[in-house]
Structures are given as C-alpha cells and as structure tokens.
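Next comes run_10.cif, a file with mmCIF, C-alpha atoms.
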data_entry
loop_
_atom_site.group_PDB
_atom_site.id
_atom_site.type_symbol
_atom_site.label_atom_id
_atom_site.label_comp_id
_atom_site.auth_asym_id
_atom_site.auth_seq_id
_atom_site.Cartn_x
_atom_site.Cartn_y
_atom_site.Cartn_z
ATOM 1 C CA MET I 1 85.040 64.181 187.595
ATOM 2 C CA PRO I 2 82.760 65.122 184.689
ATOM 3 C CA GLU I 3 83.091 68.277 182.668
ATOM 4 C CA ARG I 4 81.919 71.470 184.331
ATOM 5 C CA LYS I 5 80.710 74.776 182.998
ATOM 6 C CA ILE I 6 83.083 77.583 183.942
ATOM 7 C CA VAL I 7 81.626 80.396 181.812
ATOM 8 C CA ASP I 8 77.961 81.189 181.277
ATOM 9 C CA GLU I 9 77.715 84.807 180.127
ATOM 10 C CA THR I 10 75.221 86.892 178.225
ATOM 11 C CA PHE I 11 76.062 90.462 177.217
ATOM 12 C CA THR I 12 73.589 92.891 175.712
ATOM 13 C CA ILE I 13 75.053 95.081 172.991
ATOM 14 C CA SER I 14 73.594 98.569 172.844
ATOM 15 C CA ARG I 15 71.814 99.724 169.707
ATOM 16 C CA LYS I 16 74.568 102.336 169.260
ATOM 17 C CA ARG I 17 77.237 99.598 169.197
ATOM 18 C CA GLY I 18 75.337 97.316 166.807
ATOM 19 C CA ASN I 19 72.511 95.801 168.857
ATOM 20 C CA GLY I 20 72.102 92.171 169.820
ATOM 21 C CA ILE I 21 73.367 89.702 172.387
ATOM 22 C CA LEU I 22 76.701 87.937 172.858
ATOM 23 C CA ARG I 23 76.475 84.498 174.438
ATOM 24 C CA ARG I 24 79.486 82.562 175.791
ATOM 25 C CA GLU I 25 79.404 79.104 177.366
ATOM 26 C CA ILE I 26 82.561 77.132 178.133
ATOM 27 C CA TRP I 27 83.007 73.730 179.772
ATOM 28 C CA VAL I 28 86.306 72.213 180.928
ATOM 29 C CA ASP I 29 87.483 68.749 181.929
ATOM 30 C CA ARG I 30 89.135 67.914 185.253
ATOM 31 C CA HIS I 31 92.463 69.180 183.904
ATOM 32 C CA GLY I 32 91.035 72.564 182.959
ATOM 33 C CA HIS I 33 91.076 71.928 179.191
ATOM 34 C CA VAL I 34 88.165 73.307 177.191
ATOM 35 C CA VAL I 35 86.076 70.357 176.061
ATOM 36 C CA ARG I 36 82.883 72.100 174.984
ATOM 37 C CA TYR I 37 81.977 75.632 173.978
ATOM 38 C CA ASN I 38 79.224 77.758 172.496
ATOM 39 C CA LEU I 39 79.940 81.288 171.264
ATOM 40 C CA ALA I 40 77.104 83.192 169.625
ATOM 41 C CA TYR I 41 76.146 86.641 168.373
ATOM 42 C CA ILE I 42 72.357 86.871 168.377
ATOM 43 C CA ASN I 43 70.467 89.657 166.653
ATOM 44 C CA HIS I 44 66.903 88.964 165.513
ATOM 45 C CA ALA I 45 66.908 92.205 163.490
ATOM 46 C CA LEU I 46 69.687 90.814 161.265
ATOM 47 C CA HIS I 47 68.606 87.158 161.114
ATOM 48 C CA SER I 48 65.362 85.609 162.306
ATOM 49 C CA GLY I 49 66.324 81.965 161.697
ATOM 50 C CA ASP I 50 68.480 79.770 163.935
ATOM 51 C CA ASN I 51 66.980 81.456 167.031
ATOM 52 C CA GLY I 52 68.456 84.775 165.900
ATOM 53 C CA ARG I 53 72.015 83.470 165.812
ATOM 54 C CA VAL I 54 73.802 85.607 163.234
ATOM 55 C CA VAL I 55 77.205 84.007 163.762
ATOM 56 C CA GLY I 56 78.460 81.428 166.215
ATOM 57 C CA TYR I 57 81.006 78.734 166.881
ATOM 58 C CA ASP I 58 80.497 75.541 168.851
ATOM 59 C CA ASN I 59 81.557 71.934 169.013
ATOM 60 C CA ALA I 60 78.200 70.298 169.640
ATOM 61 C CA HIS I 61 77.573 66.884 168.102
ATOM 62 C CA GLY I 62 81.280 66.020 168.136
ATOM 63 C CA SER I 63 82.489 68.479 165.515
ATOM 64 C CA HIS I 64 83.774 72.038 165.446
ATOM 65 C CA HIS I 65 81.602 74.238 163.274
ATOM 66 C CA ARG I 66 80.527 77.781 162.467
ATOM 67 C CA HIS I 67 76.991 79.074 162.137
ATOM 68 C CA HIS I 68 76.489 82.046 159.837
ATOM 69 C CA MET I 69 73.027 83.371 158.964
ATOM 70 C CA GLY I 70 71.479 79.893 159.117
ATOM 71 C CA ARG I 71 74.283 78.028 157.349
ATOM 72 C CA VAL I 72 76.484 75.593 159.244
ATOM 73 C CA GLU I 73 79.991 74.772 158.041
ATOM 74 C CA PRO I 74 82.826 72.760 159.570
ATOM 75 C CA VAL I 75 85.882 74.675 160.762
ATOM 76 C CA ALA I 76 89.417 73.531 161.443
ATOM 77 C CA PHE I 77 90.102 73.610 165.161
ATOM 78 C CA VAL I 78 93.507 75.013 166.106
ATOM 79 C CA SER I 79 92.791 76.004 169.707
ATOM 80 C CA PHE I 80 89.948 77.457 171.726
ATOM 81 C CA THR I 81 91.854 80.765 171.891
ATOM 82 C CA ASP I 82 92.003 80.830 168.090
ATOM 83 C CA THR I 83 88.293 80.017 167.842
ATOM 84 C CA GLU I 84 87.412 82.844 170.247
ATOM 85 C CA ALA I 85 89.507 85.260 168.170
ATOM 86 C CA ARG I 86 87.770 84.182 164.935
ATOM 87 C CA PHE I 87 84.370 84.566 166.606
ATOM 88 C CA GLU I 88 85.231 88.054 167.851
ATOM 89 C CA GLN I 89 86.445 89.090 164.417
ATOM 90 C CA ASP I 90 83.235 87.762 162.824
ATOM 91 C CA TRP I 91 80.748 89.355 165.186
ATOM 92 C CA LEU I 92 82.548 92.713 165.155
ATOM 93 C CA ALA I 93 82.496 92.748 161.348
ATOM 94 C CA ILE I 94 78.816 91.785 161.200
ATOM 95 C CA GLY I 95 77.600 93.584 164.302
ATOM 96 C CA GLY I 96 79.240 96.820 163.281
ATOM 97 C CA GLN I 97 77.210 96.975 160.090
ATOM 98 C CA LYS I 98 74.188 99.261 160.122
#
Whole structure, structure tokens version:
Amino acid sequence: MPERKIVDETFTISRKRGNGILRREIWVDRHGHVVRYNLAYINHALHSGDNGRVVGYDNAHGSHHRHHMGRVEPVAFVSFTDTEARFEQDWLAIGGQK
C-alpha cells in the first residue's frame, strides 16, 4: 500500500491574531508512520517570495529542512512531533509580530 495523505488543512489566521494562513499536509505509510509532511505559515504581507511562505518545515526532496523568509536550511529530524512543535513556536513568534 503506498503512502496516503491523512491531513490536508488550511487555516486562515485573522488580522487581529497576526494575519496569514497555516497549511498542514501529512502523509503516512501503511504502518501509520509519518513519511512526508509540509507545514507552512504563509503571509504575503510579511514575505512576498517563496509563494508567501514566511516559515515552514518539510521533507521534500529526501531531506528535512526549514524555510524562513526565502532561505532554506537543513534541520536535524528528531520526530514529527518535535518538528510540529518547532514549527508552532516559529510561526507564533513571527506571526505575533505587528
């Protein structure tokens, strides 16, 4: 059985709470292990490059990495739970800025 997408969510953040969009996509293997993910905070008012992605984490192209204001840097992968927590911390810090 190939991998399957189990989460495909887009949340709009109100202007009062920082504006922008949160995007979450998660794929799992037949055992339920996360094999692919894309987590992104998009806000064209803060960053117009990279399709508006201000900060994001994904493992496309066979490596775990972080996008931040157009820069891409590798990140150490501990677990998907840890990656989600780092993403949340990042977008709250950035998205909360006025």
For CA of Asp90 (chain I) and CA of Pro74 (chain I), quote the distance in Å rounded to one decimal.
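Between these atoms lies a distance of 15.4 Å.
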Residues within 7 Å of Asp58 (chain I), only C-alpha atoms, excluding chain neighbours under 5 positions, as a PDB file with C-alpha atoms, in the coordinates of the input:
ATOM      1  CA  TYR I  37      81.977  75.632 173.978  1.00  0.00           C
ATOM      2  CA  ASN I  38      79.224  77.758 172.496  1.00  0.00           C
ATOM      3  CA  LEU I  39      79.940  81.288 171.264  1.00  0.00           C
ATOM      4  CA  HIS I  64      83.774  72.038 165.446  1.00  0.00           C
ATOM      5  CA  HIS I  65      81.602  74.238 163.274  1.00  0.00           C
ATOM      6  CA  ARG I  66      80.527  77.781 162.467  1.00  0.00           C
TER       7      ARG I  66
END
Between CA of Val72 (chain I) and CA of Thr10 (chain I), measure the distance and give it in Å to one decimal.
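Interatomic distance here is 22.1 Å.
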Apply the PyMOL selection byres ((chain I and resi 69) around 12) to the file shown and report the selected residues as a PyMOL selection string.
chain I and resi 40-56+66-68+70-73+90-91+94
For the residues in the current selection, export C-alpha atoms as a CSV table (one decimal), keeping the file's coordinate frame.
chain,number,residue,atom,x,y,z
I,40,ALA,CA,77.1,83.2,169.6
I,41,TYR,CA,76.1,86.6,168.4
I,42,ILE,CA,72.4,86.9,168.4
I,43,ASN,CA,70.5,89.7,166.7
I,44,HIS,CA,66.9,89.0,165.5
I,45,ALA,CA,66.9,92.2,163.5
I,46,LEU,CA,69.7,90.8,161.3
I,47,HIS,CA,68.6,87.2,161.1
I,48,SER,CA,65.4,85.6,162.3
I,49,GLY,CA,66.3,82.0,161.7
I,50,ASP,CA,68.5,79.8,163.9
I,51,ASN,CA,67.0,81.5,167.0
I,52,GLY,CA,68.5,84.8,165.9
I,53,ARG,CA,72.0,83.5,165.8
I,54,VAL,CA,73.8,85.6,163.2
I,55,VAL,CA,77.2,84.0,163.8
I,56,GLY,CA,78.5,81.4,166.2
I,66,ARG,CA,80.5,77.8,162.5
I,67,HIS,CA,77.0,79.1,162.1
I,68,HIS,CA,76.5,82.0,159.8
I,70,GLY,CA,71.5,79.9,159.1
I,71,ARG,CA,74.3,78.0,157.3
I,72,VAL,CA,76.5,75.6,159.2
I,73,GLU,CA,80.0,74.8,158.0
I,90,ASP,CA,83.2,87.8,162.8
I,91,TRP,CA,80.7,89.4,165.2
I,94,ILE,CA,78.8,91.8,161.2
CA of Thr12 (chain I) to CA of Thr83 (chain I): how many Å, to one decimal?
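Distance reported for this atom pair: 21.1 Å.
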Residues within 9 Å of Pro2 (chain I), all atoms listed in the file, excluding chain neighbours under 5 positions, as number ranges by chain
I: 28-30
Output for the residues just chosen: C-alpha atoms as a CSV table (one decimal), keeping the file's coordinate frame:
chain,number,residue,atom,x,y,z
I,28,VAL,CA,86.3,72.2,180.9
I,29,ASP,CA,87.5,68.7,181.9
I,30,ARG,CA,89.1,67.9,185.3
Hey, what comes out of the PyMOL selection byres ((chain I and resi 3) around 12) on this file? Could you write it as a short mmCIF file (atom, residue, chain, number, x, y, z; two decimals) with C-alpha atoms, keeping the file's coordinate frame?
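Just written: selection-v5.cif:
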data_model
loop_
_atom_site.label_atom_id
_atom_site.label_comp_id
_atom_site.auth_asym_id
_atom_site.auth_seq_id
_atom_site.Cartn_x
_atom_site.Cartn_y
_atom_site.Cartn_z
CA MET I 1 85.04 64.18 187.60
CA PRO I 2 82.76 65.12 184.69
CA ARG I 4 81.92 71.47 184.33
CA LYS I 5 80.71 74.78 183.00
CA ILE I 6 83.08 77.58 183.94
CA ILE I 26 82.56 77.13 178.13
CA TRP I 27 83.01 73.73 179.77
CA VAL I 28 86.31 72.21 180.93
CA ASP I 29 87.48 68.75 181.93
CA ARG I 30 89.14 67.91 185.25
CA HIS I 31 92.46 69.18 183.90
CA GLY I 32 91.04 72.56 182.96
CA HIS I 33 91.08 71.93 179.19
CA VAL I 34 88.16 73.31 177.19
CA VAL I 35 86.08 70.36 176.06
CA ARG I 36 82.88 72.10 174.98
CA TYR I 37 81.98 75.63 173.98
#
Please enclose the listed atoms of region 31-50 of chain I in an axis-aligned box, pad each side by 6 Å, and write out the centre and the three edge lengths in Å, rounded to one decimal, as JSON.
{"center_x": 78.9, "center_y": 80.7, "center_z": 172.5, "size_x": 39.1, "size_y": 35.0, "size_z": 34.8}
